[in-house]
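Trainee: This is my_file_22.csv, which holds CSV, C-alpha atoms:
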```csv
chain,number,residue,atom,x,y,z
A,1161,MET,CA,-25.1,35.3,70.2
A,1162,ASN,CA,-22.7,32.4,70.7
A,1163,LYS,CA,-21.5,32.3,67.1
A,1164,LYS,CA,-17.9,32.9,66.3
A,1165,GLN,CA,-17.3,36.2,64.7
A,1166,VAL,CA,-14.8,36.2,61.8
A,1167,ARG,CA,-13.5,39.7,61.3
A,1168,VAL,CA,-12.7,40.1,57.5
A,1169,GLY,CA,-10.1,42.3,55.9
A,1170,MET,CA,-10.5,42.5,52.2
A,1171,VAL,CA,-7.7,43.7,49.8
A,1172,GLY,CA,-9.3,45.2,46.7
A,1173,TYR,CA,-12.7,46.7,46.2
A,1174,LYS,CA,-13.8,46.7,42.5
A,1175,PHE,CA,-15.6,43.9,40.6
A,1176,MET,CA,-14.8,41.0,42.8
A,1177,GLY,CA,-14.7,43.2,45.9
A,1178,LYS,CA,-18.3,44.1,45.2
A,1179,ALA,CA,-19.3,40.4,44.7
A,1180,HIS,CA,-17.5,39.3,47.9
A,1181,SER,CA,-18.8,42.2,50.0
A,1182,HIS,CA,-22.3,41.4,49.0
A,1183,ALA,CA,-21.8,37.7,49.8
A,1184,PHE,CA,-20.3,38.4,53.3
A,1185,ARG,CA,-23.2,40.7,54.1
A,1186,ASP,CA,-26.0,38.3,53.0
A,1187,LEU,CA,-24.4,35.1,54.2
A,1188,PRO,CA,-25.9,35.1,57.8
A,1189,PHE,CA,-29.3,35.9,56.4
A,1190,TYR,CA,-29.4,32.6,54.4
A,1191,PHE,CA,-27.0,30.2,56.2
A,1192,ASP,CA,-26.9,29.2,59.9
A,1193,THR,CA,-23.2,28.8,60.2
A,1194,GLU,CA,-21.3,28.5,63.5
A,1195,ALA,CA,-18.9,31.3,62.3
A,1196,VAL,CA,-20.3,34.5,60.9
A,1197,PRO,CA,-18.4,37.2,58.9
A,1198,VAL,CA,-17.9,40.8,60.1
A,1199,LEU,CA,-17.0,43.4,57.5
A,1200,GLN,CA,-14.1,44.8,59.5
A,1201,ALA,CA,-11.8,46.6,57.0
A,1202,ILE,CA,-11.1,47.0,53.3
A,1203,ALA,CA,-7.8,48.1,51.7
A,1204,GLY,CA,-7.0,49.8,48.4
A,1205,ARG,CA,-4.3,52.2,47.1
A,1206,ASP,CA,-6.6,55.0,46.2
A,1207,ALA,CA,-7.8,56.7,49.4
A,1208,ALA,CA,-10.9,58.3,47.9
A,1209,GLY,CA,-11.9,55.2,46.0
A,1210,VAL,CA,-11.5,52.8,49.0
A,1211,ARG,CA,-13.2,55.2,51.4
A,1212,GLU,CA,-16.2,55.4,49.0
A,1213,ALA,CA,-16.2,51.6,48.6
A,1214,ALA,CA,-16.1,51.1,52.3
A,1215,GLU,CA,-19.1,53.4,52.9
A,1216,LYS,CA,-21.1,51.9,50.0
A,1217,MET,CA,-20.5,48.3,50.7
A,1218,GLY,CA,-20.7,48.4,54.5
A,1219,TRP,CA,-17.1,48.0,55.7
A,1220,ALA,CA,-16.4,49.4,59.2
A,1221,SER,CA,-13.0,50.9,58.3
A,1222,TRP,CA,-10.5,51.2,55.5
A,1223,GLU,CA,-6.7,51.2,54.8
A,1224,THR,CA,-4.5,52.4,51.9
A,1225,ASP,CA,-1.8,49.7,52.6
A,1226,TRP,CA,-2.7,46.0,52.7
A,1227,ARG,CA,0.3,45.4,54.9
A,1228,ARG,CA,-1.3,47.6,57.6
A,1229,LEU,CA,-4.5,45.5,57.2
A,1230,ILE,CA,-2.6,42.3,57.9
A,1231,GLU,CA,-0.9,43.8,60.9
A,1232,ARG,CA,-4.2,44.7,62.6
A,1233,ASP,CA,-5.2,42.5,65.6
A,1234,ASP,CA,-8.9,42.9,64.8
A,1235,ILE,CA,-8.6,40.9,61.5
A,1236,ASP,CA,-9.1,37.1,61.3
A,1237,LEU,CA,-9.5,36.5,57.6
A,1238,ILE,CA,-7.8,38.1,54.6
A,1239,ASP,CA,-9.8,38.1,51.4
A,1240,ILE,CA,-7.7,38.8,48.3
A,1241,VAL,CA,-9.5,40.3,45.3
A,1242,THR,CA,-6.6,42.1,43.7
A,1243,PRO,CA,-4.8,41.6,40.3
A,1244,ASN,CA,-3.1,38.3,40.0
A,1245,ASN,CA,0.5,39.4,40.4
A,1246,THR,CA,-0.2,40.5,44.0
A,1247,HIS,CA,-1.9,37.3,45.2
A,1248,ALA,CA,1.3,35.4,46.3
A,1249,GLU,CA,2.8,38.2,48.4
A,1250,ILE,CA,-0.4,39.1,50.2
A,1251,ALA,CA,-1.4,35.5,50.9
A,1252,ILE,CA,1.9,34.5,52.2
A,1253,ALA,CA,2.1,37.5,54.5
A,1254,ALA,CA,-1.4,36.9,55.7
A,1255,ALA,CA,-0.7,33.3,56.5
A,1256,GLN,CA,2.6,34.2,58.3
A,1257,ALA,CA,0.5,36.6,60.4
A,1258,GLY,CA,-1.8,33.8,61.4
A,1259,LYS,CA,-4.8,35.0,59.3
A,1260,HIS,CA,-7.1,32.6,57.4
A,1261,VAL,CA,-6.9,33.3,53.6
A,1262,ILE,CA,-9.3,33.3,50.7
A,1263,CYS,CA,-8.0,34.3,47.3
A,1264,GLU,CA,-9.5,34.9,43.9
A,1265,LYS,CA,-8.5,32.8,41.0
A,1266,PRO,CA,-6.1,32.0,39.4
A,1267,LEU,CA,-4.2,31.5,42.6
A,1268,ALA,CA,-0.9,32.9,41.3
A,1269,LEU,CA,1.1,33.7,38.2
A,1270,THR,CA,3.1,30.5,38.2
A,1271,VAL,CA,3.1,27.0,39.7
A,1272,GLY,CA,6.2,28.1,41.8
A,1273,GLN,CA,4.3,31.0,43.3
A,1274,ALA,CA,1.2,28.8,44.0
A,1275,LEU,CA,3.3,26.2,45.7
A,1276,HIS,CA,4.9,28.8,48.0
A,1277,MET,CA,1.4,30.0,48.9
A,1278,LEU,CA,0.3,26.4,49.7
A,1279,GLU,CA,3.4,25.9,51.8
A,1280,ALA,CA,2.7,29.1,53.7
A,1281,VAL,CA,-0.9,28.3,54.7
A,1282,LYS,CA,-0.1,24.7,55.6
A,1283,LYS,CA,2.9,25.8,57.7
A,1284,ALA,CA,0.8,28.4,59.5
A,1285,GLY,CA,-2.1,26.0,60.0
A,1286,VAL,CA,-4.7,28.5,58.8
A,1287,VAL,CA,-7.9,27.8,56.8
A,1288,HIS,CA,-7.5,28.6,53.1
A,1289,MET,CA,-9.7,28.6,50.0
A,1290,VAL,CA,-9.6,29.7,46.4
A,1291,CYS,CA,-12.6,31.4,44.8
A,1292,HIS,CA,-13.9,29.4,41.9
A,1293,ASN,CA,-17.5,30.4,42.5
A,1294,TYR,CA,-19.2,28.5,39.6
A,1295,ARG,CA,-18.5,25.2,41.4
A,1296,PHE,CA,-21.1,26.4,43.9
A,1297,ALA,CA,-24.1,26.8,41.7
A,1298,PRO,CA,-26.7,24.3,42.9
A,1299,ALA,CA,-27.0,22.8,39.4
A,1300,VAL,CA,-23.3,22.2,39.2
A,1301,GLN,CA,-23.3,20.6,42.7
A,1302,PHE,CA,-26.2,18.4,41.6
A,1303,ALA,CA,-24.3,17.4,38.5
A,1304,LYS,CA,-21.5,16.3,40.7
A,1305,LYS,CA,-23.9,14.2,42.8
A,1306,LEU,CA,-25.3,12.5,39.6
A,1307,ILE,CA,-21.8,11.6,38.5
A,1308,ALA,CA,-20.7,10.4,42.0
A,1309,ASP,CA,-23.8,8.3,42.3
A,1310,GLY,CA,-23.0,6.6,39.0
A,1311,ARG,CA,-26.1,7.8,37.2
A,1312,LEU,CA,-24.0,8.7,34.1
A,1313,GLY,CA,-21.7,5.6,34.4
A,1314,ARG,CA,-18.2,5.9,33.1
A,1315,ILE,CA,-17.4,9.4,31.8
A,1316,TYR,CA,-16.2,9.6,28.2
A,1317,HIS,CA,-16.3,13.3,27.3
A,1318,ILE,CA,-16.4,16.8,28.6
A,1319,ARG,CA,-16.5,19.8,26.3
A,1320,ALA,CA,-16.5,23.2,27.9
A,1321,THR,CA,-16.4,26.8,26.7
A,1322,PHE,CA,-16.2,30.3,28.2
A,1323,LEU,CA,-17.1,32.7,25.5
A,1324,GLN,CA,-17.1,36.5,25.7
A,1325,ASP,CA,-17.0,39.4,23.3
A,1326,TRP,CA,-16.1,42.5,25.3
A,1327,LEU,CA,-12.6,42.8,23.9
A,1328,MET,CA,-13.4,42.8,20.2
A,1329,ASP,CA,-13.0,46.5,19.7
A,1330,PRO,CA,-9.4,47.1,18.6
A,1331,ASP,CA,-9.5,50.4,20.5
A,1332,PHE,CA,-10.4,48.8,23.8
A,1333,PRO,CA,-7.7,49.9,26.3
A,1334,LEU,CA,-4.7,47.9,27.4
A,1335,THR,CA,-5.9,47.1,31.0
A,1336,TRP,CA,-4.1,45.0,33.5
A,1337,ARG,CA,-5.8,41.8,32.3
A,1338,LEU,CA,-3.9,42.2,29.0
A,1339,ARG,CA,-0.5,42.4,30.5
A,1340,LYS,CA,1.2,39.1,31.2
A,1341,GLU,CA,3.4,40.5,34.0
A,1342,VAL,CA,0.2,41.4,35.9
A,1343,SER,CA,-2.3,38.8,34.9
A,1344,GLY,CA,-0.1,35.8,34.1
A,1345,SER,CA,-2.1,34.9,31.0
A,1346,GLY,CA,-5.2,36.1,29.1
A,1347,THR,CA,-8.3,34.1,28.5
A,1348,LEU,CA,-6.5,30.9,29.6
A,1349,GLY,CA,-6.0,32.1,33.1
A,1350,ASP,CA,-9.0,34.3,33.4
A,1351,LEU,CA,-11.7,32.1,31.8
A,1352,GLY,CA,-10.0,28.8,31.2
A,1353,ALA,CA,-9.1,28.5,34.9
A,1354,HIS,CA,-12.9,28.2,35.7
A,1355,LEU,CA,-13.3,25.5,33.1
A,1356,ILE,CA,-10.4,23.6,34.5
A,1357,ASP,CA,-11.8,23.7,38.0
A,1358,LEU,CA,-15.2,22.6,36.9
A,1359,ALA,CA,-13.6,19.7,34.9
A,1360,ARG,CA,-11.5,18.6,37.9
A,1361,PHE,CA,-14.5,18.8,40.2
A,1362,LEU,CA,-16.9,16.8,37.9
A,1363,VAL,CA,-14.6,14.5,35.8
A,1364,GLY,CA,-11.3,14.1,37.6
A,1365,GLU,CA,-7.6,14.9,37.3
A,1366,PHE,CA,-6.0,15.9,34.0
A,1367,SER,CA,-3.4,13.6,32.5
A,1368,GLU,CA,-2.1,15.5,29.5
A,1369,VAL,CA,-3.0,18.5,27.4
A,1370,ALA,CA,-2.3,20.0,23.9
A,1371,GLY,CA,-3.2,23.6,23.4
A,1372,MET,CA,-3.1,26.6,21.1
A,1373,MET,CA,-3.5,30.4,21.6
A,1374,GLU,CA,-3.9,33.5,19.5
A,1375,THR,CA,-3.7,37.2,20.1
A,1376,PHE,CA,-5.9,38.9,17.4
A,1377,VAL,CA,-5.2,42.5,18.3
A,1378,LYS,CA,-1.5,42.9,18.9
A,1379,GLN,CA,-1.5,46.5,20.3
A,1380,ARG,CA,-4.0,48.6,22.2
A,1381,PRO,CA,-4.2,52.2,23.6
A,1382,LEU,CA,-3.4,52.7,27.3
A,1383,GLY,CA,-6.4,53.0,29.6
A,1384,ASP,CA,-8.7,51.3,32.1
A,1385,MET,CA,-12.1,49.6,32.4
A,1386,ASP,CA,-15.0,49.6,34.9
A,1387,ILE,CA,-16.7,46.6,36.6
A,1388,HIS,CA,-19.1,46.3,33.6
A,1389,LEU,CA,-16.1,45.7,31.3
A,1390,LYS,CA,-16.5,49.0,29.6
A,1391,GLY,CA,-13.2,50.5,28.5
A,1392,ARG,CA,-11.8,54.0,28.6
A,1393,ALA,CA,-8.7,54.9,26.6
A,1394,ASP,CA,-6.5,57.5,28.2
A,1395,SER,CA,-4.4,58.4,25.1
A,1396,GLY,CA,-3.6,57.5,21.6
A,1397,GLN,CA,-0.4,55.8,22.6
A,1398,ARG,CA,-0.5,52.1,21.9
A,1399,GLU,CA,1.5,49.3,23.5
A,1400,ASP,CA,1.8,45.5,23.0
A,1401,VAL,CA,-0.8,43.1,24.2
A,1402,THR,CA,1.3,40.3,25.9
A,1403,VAL,CA,-1.5,37.7,26.6
A,1404,ASP,CA,-3.8,35.6,24.5
A,1405,ASP,CA,-7.2,36.8,23.2
A,1406,ALA,CA,-8.3,33.2,22.7
A,1407,SER,CA,-7.1,29.8,23.8
A,1408,ALA,CA,-8.2,26.2,23.2
A,1409,PHE,CA,-6.9,22.9,24.3
A,1410,LEU,CA,-7.5,19.2,24.2
A,1411,ALA,CA,-7.1,17.0,27.3
A,1412,ARG,CA,-7.0,13.5,28.4
A,1413,PHE,CA,-8.0,12.7,32.0
A,1414,GLU,CA,-6.5,10.1,34.3
A,1415,ASN,CA,-9.8,8.1,34.1
A,1416,GLY,CA,-9.5,7.9,30.3
A,1417,ALA,CA,-12.1,10.7,29.6
A,1418,LEU,CA,-11.4,13.2,26.8
A,1419,GLY,CA,-11.9,16.9,27.0
A,1420,VAL,CA,-12.2,19.9,24.6
A,1421,PHE,CA,-11.9,23.4,26.1
A,1422,GLU,CA,-12.2,26.8,24.5
A,1423,ALA,CA,-11.9,30.3,26.1
A,1424,THR,CA,-12.2,33.5,24.1
A,1425,ARG,CA,-13.0,37.2,24.3
A,1426,PHE,CA,-13.7,37.3,20.6
A,1427,SER,CA,-16.9,35.4,20.3
A,1428,ARG,CA,-19.4,38.0,19.1
A,1429,GLY,CA,-22.8,37.8,20.8
A,1430,ASN,CA,-21.5,35.9,23.8
A,1431,ARG,CA,-21.4,37.9,27.0
A,1432,ALA,CA,-20.5,35.1,29.5
A,1433,GLY,CA,-20.9,31.8,27.7
A,1434,ASN,CA,-19.6,29.5,30.5
A,1435,ARG,CA,-21.0,26.1,29.4
A,1436,PHE,CA,-20.2,22.4,29.6
A,1437,GLU,CA,-21.6,19.1,28.4
A,1438,ILE,CA,-20.5,15.8,29.9
A,1439,ASN,CA,-21.2,12.5,28.2
A,1440,GLY,CA,-21.1,9.1,30.0
A,1441,GLU,CA,-22.0,5.5,29.2
A,1442,LYS,CA,-25.5,5.9,30.8
A,1443,GLY,CA,-26.3,9.5,30.2
A,1444,SER,CA,-25.3,13.1,29.7
A,1445,ILE,CA,-25.6,16.5,31.4
A,1446,ARG,CA,-25.4,20.1,30.2
A,1447,TRP,CA,-25.1,23.4,32.1
A,1448,ASP,CA,-24.9,27.0,31.0
A,1449,MET,CA,-23.9,29.7,33.5
A,1450,GLU,CA,-26.3,32.2,31.8
A,1451,ASN,CA,-29.1,29.9,32.9
A,1452,LEU,CA,-27.4,28.7,36.0
A,1453,ASN,CA,-30.4,27.3,37.9
A,1454,HIS,CA,-31.1,24.7,35.2
A,1455,LEU,CA,-29.3,21.4,34.5
A,1456,GLN,CA,-30.2,19.4,31.4
A,1457,VAL,CA,-30.1,15.7,32.0
A,1458,TYR,CA,-30.3,12.7,29.6
A,1459,LEU,CA,-30.6,9.2,31.0
A,1460,GLU,CA,-30.4,6.2,28.7
A,1461,GLU,CA,-32.4,4.1,31.1
A,1462,ASP,CA,-35.6,6.0,30.2
A,1463,GLU,CA,-37.9,4.0,28.1
A,1464,PRO,CA,-37.9,4.4,24.3
A,1465,GLY,CA,-40.1,7.2,23.2
A,1466,LEU,CA,-39.4,9.2,26.4
A,1467,GLN,CA,-35.7,9.5,26.0
A,1468,GLY,CA,-34.3,13.0,25.6
A,1469,PHE,CA,-32.8,15.8,27.6
A,1470,ARG,CA,-35.0,16.9,30.5
A,1471,THR,CA,-34.5,20.3,32.2
A,1472,ILE,CA,-34.1,20.1,36.0
A,1473,SER,CA,-34.8,23.4,37.9
A,1474,CYS,CA,-32.3,23.0,40.7
A,1475,THR,CA,-34.2,25.1,43.2
A,1476,GLU,CA,-35.7,22.4,45.4
A,1477,VAL,CA,-34.6,21.3,48.9
A,1478,GLU,CA,-33.2,18.1,47.4
A,1479,HIS,CA,-30.6,20.2,45.5
A,1480,PRO,CA,-27.4,21.3,47.1
A,1481,PHE,CA,-27.5,24.8,48.8
A,1482,ALA,CA,-31.0,25.4,47.4
A,1483,ALA,CA,-32.8,24.9,50.8
A,1484,ALA,CA,-31.1,28.0,52.1
A,1485,TYR,CA,-33.1,30.2,49.7
A,1486,TRP,CA,-36.6,30.2,48.3
A,1487,PRO,CA,-39.5,27.8,47.5
A,1488,ALA,CA,-39.0,25.5,44.5
A,1489,GLY,CA,-38.9,27.3,41.2
A,1490,HIS,CA,-37.8,30.6,42.7
A,1491,ILE,CA,-34.4,31.1,41.1
A,1492,ILE,CA,-31.2,32.4,42.5
A,1493,GLY,CA,-28.4,34.3,40.7
A,1494,TYR,CA,-24.7,34.8,40.1
A,1495,GLU,CA,-24.2,36.5,43.4
A,1496,HIS,CA,-25.5,33.5,45.3
A,1497,THR,CA,-22.7,31.3,44.1
A,1498,PHE,CA,-20.3,33.5,46.2
A,1499,ILE,CA,-22.6,33.2,49.2
A,1500,ASN,CA,-22.5,29.4,48.9
A,1501,LEU,CA,-18.8,29.5,48.6
A,1502,LEU,CA,-18.2,31.7,51.6
A,1503,ALA,CA,-20.6,29.6,53.7
A,1504,GLU,CA,-18.2,26.8,53.1
A,1505,MET,CA,-15.4,29.1,54.1
A,1506,MET,CA,-17.2,29.9,57.4
A,1507,ASN,CA,-17.8,26.2,58.1
A,1508,GLY,CA,-14.1,25.6,57.4
A,1509,ILE,CA,-13.1,28.2,59.9
A,1510,SER,CA,-15.5,26.9,62.6
A,1511,THR,CA,-14.1,23.4,62.2
A,1512,GLY,CA,-10.5,24.3,61.5
A,1513,VAL,CA,-10.6,22.3,58.2
A,1514,SER,CA,-10.0,24.0,54.8
A,1515,PRO,CA,-12.9,23.3,52.4
A,1516,SER,CA,-12.1,21.0,49.4
A,1517,LEU,CA,-11.7,24.0,47.1
A,1518,ASN,CA,-8.5,25.2,48.7
A,1519,PHE,CA,-5.0,26.2,47.8
A,1520,GLU,CA,-4.1,22.7,46.8
A,1521,ASP,CA,-6.9,22.9,44.2
A,1522,GLY,CA,-5.4,26.2,43.2
A,1523,VAL,CA,-2.0,24.6,42.7
A,1524,ARG,CA,-3.5,21.8,40.6
A,1525,ASN,CA,-5.3,24.4,38.5
A,1526,GLN,CA,-2.1,26.3,38.0
A,1527,ILE,CA,-0.3,23.2,36.9
A,1528,VAL,CA,-2.9,22.6,34.1
A,1529,LEU,CA,-2.6,26.2,33.0
A,1530,GLU,CA,1.1,26.0,32.8
A,1531,ALA,CA,1.1,22.7,31.0
A,1532,VAL,CA,-1.2,24.2,28.3
A,1533,GLU,CA,1.2,27.1,27.9
A,1534,GLN,CA,4.1,24.7,27.6
A,1535,SER,CA,2.2,22.8,25.0
A,1536,VAL,CA,1.5,26.0,23.0
A,1537,GLN,CA,5.2,26.9,23.1
A,1538,THR,CA,6.4,23.4,22.1
A,1539,GLY,CA,3.6,22.3,19.8
A,1540,GLN,CA,3.4,19.0,21.6
A,1541,TRP,CA,1.3,17.2,24.1
A,1542,VAL,CA,2.4,17.9,27.7
A,1543,LYS,CA,1.9,15.4,30.5
A,1544,VAL,CA,0.5,17.0,33.7
A,1545,SER,CA,2.4,14.3,35.6
A,1546,GLU,CA,5.6,16.0,34.6
A,1547,TYR,CA,4.6,18.7,37.0
A,1548,THR,CA,3.0,16.7,39.7
A,1549,GLY,CA,5.2,13.6,39.7
A,1550,ASN,CA,8.0,15.2,41.7
A,1551,LEU,CA,5.7,16.8,44.2
A,1552,PRO,CA,5.4,14.5,47.2
A,1553,SER,CA,2.2,16.1,48.5
A,1554,PHE,CA,0.4,15.3,45.2
A,1555,LYS,CA,1.5,11.7,44.7
A,1556,GLU,CA,-1.2,10.1,46.9
A,1557,GLN,CA,-3.8,12.8,47.1
A,1558,SER,CA,-6.7,12.9,44.6
A,1559,MET,CA,-9.6,15.2,44.0
A,1560,ARG,CA,-12.3,14.8,46.7
```
Will you turn the file into structure tokens for me?

Mentor:
Amino acid sequence: MNKKQVRVGMVGYKFMGKAHSHAFRDLPFYFDTEAVPVLQAIAGRDAAGVREAAEKMGWASWETDWRRLIERDDIDLIDIVTPNNTHAEIAIAAAQAGKHVICEKPLALTVGQALHMLEAVKKAGVVHMVCHNYRFAPAVQFAKKLIADGRLGRIYHIRATFLQDWLMDPDFPLTWRLRKEVSGSGTLGDLGAHLIDLARFLVGEFSEVAGMMETFVKQRPLGDMDIHLKGRADSGQREDVTVDDASAFLARFENGALGVFEATRFSRGNRAGNRFEINGEKGSIRWDMENLNHLQVYLEEDEPGLQGFRTISCTEVEHPFAAAYWPAGHIIGYEHTFINLLAEMMNGISTGVSPSLNFEDGVRNQIVLEAVEQSVQTGQWVKVSEYTGNLPSFKEQSMR
């Protein structure tokens, strides 16, 4: 009864709106946080759609204008789950109104926008977070612990992929994700941003990158898609696709490690192949989001004859976040990564300290995305320090 209630206002209500709404509702059931979310209001442009979403997902009220949502005195936290081109305006307005802010990734369309967002939340003194949910899978957190404890030794390599195939039909419609003015980029910003965050979390900061991109289907019919990535063309009229269908880049890290990254929506048979392998001097680890409870671990210290990758089911109380759920071996799912993330947000609000996955991480992620794009345009390696070197707030801060 003495817990702090955090009244949430969410802007947007489709795919990520469903994921976030579920997480807010279930969070108090699993985590004993000092602050607890209250589903106060949801905002969307379509009155019928947002009203239906509010009723189905358990929101107490709804608005058709996000500005009205921010103006309300009964809102403490603004959750942004809208297309990328709206993130900056909403986040800055929310911060200026004294609201805490959590925003879906990528943080913005450009580094400049992301920096304005970071400046706004810092100036307002509000708690802020960016939503890279895969970081909060217990197996990924355990991988971080193994690396931090030195079990893998010096890190030499990371290779990471995010492979999908939902866009391969040339008649799939031209949704907002395929328009640069709305999304910022295609697979690079949508899928590659997750890989960049995981790499920063596990390996360290990027030093330089060299990339390439390709758009395989140059024009598509106008239309939309549902939360299951099923498209619906509205007419035979076709317009230009202005983002990449596939992207790949090489990377060097500040600690000397090498990285290979690939993101595509044209990998037949892959629905959500978010995977990484990290190799160190003493061992290696592998993780696959489609089997997110398991971490494969190889340790060179094992005696000859027993060496090999073992599969760790990261469902025991010794594994990060796992104690909040079920007995060992009883797996959790995709939705629980959002619950874990939002539990950190509630802890941040109760202490007044932004979790480590905050808008500064969003800016750093945006910098790597922009450096890859510059590399594609110039055909040359691009040093990430060219972006961060002139930013005073970045000079002495490193990844926690």

Trainee: Please report the interatomic distance between atom CA of A:Trp1226 and atom CA of A:Asp1206 in Å with one decimal.

Mentor: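 Going from atom CA of A:Trp1226 over to atom CA of A:Asp1206, I get 11.8 Å.
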
Trainee: Tell me, counting only C-alpha atoms, for each residue of stretch 1175-1209 of chain A within 12 Å of stretch 1238-1254 of chain A, which pair of atoms is nearest and how far apart they are in Å to one decimal, in rows ordered by chain and increasing number, as a tab-separated table.

Mentor:
```
residue	atom	partner	partner_atom	distance
A:Phe1175	CA	A:Val1241	CA	8.5
A:Met1176	CA	A:Val1241	CA	5.9
A:Gly1177	CA	A:Val1241	CA	6.0
A:Lys1178	CA	A:Val1241	CA	9.6
A:Ala1179	CA	A:Val1241	CA	9.8
A:His1180	CA	A:Val1241	CA	8.5
A:Ser1181	CA	A:Asp1239	CA	10.0
A:Phe1184	CA	A:Asp1239	CA	10.7
A:Pro1197	CA	A:Asp1239	CA	11.4
A:Val1198	CA	A:Ile1238	CA	11.8
A:Leu1199	CA	A:Asp1239	CA	10.8
A:Gln1200	CA	A:Ile1238	CA	10.4
A:Ala1201	CA	A:Ile1238	CA	9.7
A:Ile1202	CA	A:Asp1239	CA	9.2
A:Ala1203	CA	A:Ile1240	CA	9.9
A:Gly1204	CA	A:Thr1242	CA	9.0
A:Arg1205	CA	A:Thr1242	CA	10.9
```

Trainee: Please produce a file of those selected residues containing C-alpha atoms, as a compact mmCIF listing (two decimals), keeping the file's coordinate frame.

Mentor:
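Output (result-v2.txt):
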```
# COMPACT_ATOMS: atom_id res chain seq x y z
CA PHE A 1175 -15.60 43.90 40.60
CA MET A 1176 -14.80 41.00 42.80
CA GLY A 1177 -14.70 43.20 45.90
CA LYS A 1178 -18.30 44.10 45.20
CA ALA A 1179 -19.30 40.40 44.70
CA HIS A 1180 -17.50 39.30 47.90
CA SER A 1181 -18.80 42.20 50.00
CA PHE A 1184 -20.30 38.40 53.30
CA PRO A 1197 -18.40 37.20 58.90
CA VAL A 1198 -17.90 40.80 60.10
CA LEU A 1199 -17.00 43.40 57.50
CA GLN A 1200 -14.10 44.80 59.50
CA ALA A 1201 -11.80 46.60 57.00
CA ILE A 1202 -11.10 47.00 53.30
CA ALA A 1203 -7.80 48.10 51.70
CA GLY A 1204 -7.00 49.80 48.40
CA ARG A 1205 -4.30 52.20 47.10
```

Trainee: For A:Tyr1547, which of A:Arg1524, A:Arg1435, A:Arg1425, A:Lys1163 is the closest residue, counting only C-alpha atoms?

Mentor: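 Smallest separation from A:Tyr1547 among the options: A:Arg1524.
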
Trainee: For stretch 1436-1534 of chain A versus stretch 1356-1369 of chain A, which residues have an atom no more than 7 Å away, and what is each residue's nearest atom pair and distance in Å rounded to one decimal, using only C-alpha atoms, chain-then-number order, as a Markdown table?

Mentor:
```
| residue | atom | partner | partner_atom | distance |
| --- | --- | --- | --- | --- |
| A:Asn1525 | CA | A:Ile1356 | CA | 6.5 |
| A:Ala1531 | CA | A:Val1369 | CA | 6.9 |
| A:Val1532 | CA | A:Val1369 | CA | 6.0 |
```

Trainee: Can you pull out every residue within 12 Å of A:Met1372, counting all atoms listed in the file, but drop anything in the same chain fewer than 6 positions away, and send it as a list in words?

Mentor: Thr1347, Leu1348, Asp1404, Asp1405, Ala1406, Ser1407, Ala1408, Phe1409, Leu1410, Val1420, Phe1421, Glu1422, Ala1423, Thr1424, Leu1529, Ala1531, Val1532, Glu1533, Gln1534, Ser1535, Val1536, Gln1537, Thr1538, Gly1539, Gln1540 and Trp1541 of chain A

Trainee: Work out how far atom CA of A:His1496 is from atom CA of A:His1454, in Å to one decimal.

Mentor: 14.5 Å

Trainee: Restricting the calculation to all atoms listed in the file: of A:Asp1236, A:Glu1231, A:Glu1495, A:Glu1530, which residue gets closest to A:Gly1352?

Mentor: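 Nearest candidate to A:Gly1352 out of A:Asp1236, A:Glu1231, A:Glu1495, A:Glu1530: A:Glu1530.
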
Trainee: Do a neighbour search on A:Ser1427 at 10 Å with only C-alpha atoms, toss out local chain neighbours closer than 5 positions, and write the hits as a list in words.

Mentor: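 Residues near the query, excluding close chain neighbours: Phe1322, Leu1323, Gln1324, Asp1325, Trp1326, Leu1327, Met1328, Ala1406, Ala1432 and Gly1433 of chain A.
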
Trainee: Measuring between all atoms listed in the file, which one of A:Val1287, A:Leu1418, A:Val1401, A:Leu1275 shows the shortest distance to A:Phe1332?

Mentor: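 Looking at the shortest contact to A:Phe1332, the residue is A:Val1401.
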
Trainee: One decimal, Å: what's the distance from atom CA of A:Val1286 over to atom CA of A:Leu1501, could you say?

Mentor: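 Distance reported for this atom pair: 17.4 Å.
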
Trainee: Select, from A:Arg1380, A:Thr1193, A:Pro1298, A:Pro1266, the residue with the minimum atom-to-atom distance to A:Val1342, counting all atoms listed in the file.

Mentor: A:Pro1266

Trainee: Smallest atom-to-atom distance to A:Trp1219: which of A:Leu1267, A:Val1513, A:Val1168, A:Ile1235, using only C-alpha atoms?

Mentor: A:Val1168

Trainee: Would you kindly return, as a list in words, each protein, DNA or RNA residue with an atom no farther than 8 Å from any atom of stretch 1309-1318 of chain A, considering only C-alpha atoms and excluding same-chain residues fewer than 4 positions away?

Mentor: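 Once the nearby chain positions are removed, what remains is Lys1305, Ala1359, Val1363, Gly1416, Ala1417, Leu1418, Gly1419, Val1420, Phe1436, Glu1437, Ile1438, Asn1439, Gly1440, Glu1441, Lys1442, Gly1443, Ser1444 and Leu1459 of chain A.
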
Trainee: Would you list the residues near (-17.0, 48.7, 37.1), meaning any protein, DNA or RNA residue with an atom at most 12 Å from that point in file coordinates, counting all atoms listed in the file, as a VMD selection string?

Mentor: chain A and resid 1173 to 1179 1213 1384 to 1392

Trainee: As JSON, numbers by chain, please: the residues near A:Ala1488 (cut-off 12 Å, all atoms listed in the file, same-chain neighbours under 6 positions excluded).

Mentor: {"A": [1453, 1472, 1473, 1474, 1475, 1476, 1477, 1478, 1479, 1482]}

Trainee: For A:Glu1520, which residue among A:Arg1339, A:Ala1274, A:Pro1381, A:Ala1208 is the nearest when counting all atoms listed in the file?

Mentor: A:Ala1274

Trainee: For stretch 1288-1293 of chain A, work out the shell of residues within 9 Å, counting only C-alpha atoms and skipping chain neighbours fewer than 5 positions away, then give it as an MDAnalysis selection string.

Mentor: chainID A and resid 1255 1260:1267 1278 1281:1282 1353:1354 1357:1358 1494 1497:1502 1505 1508:1509 1513:1522
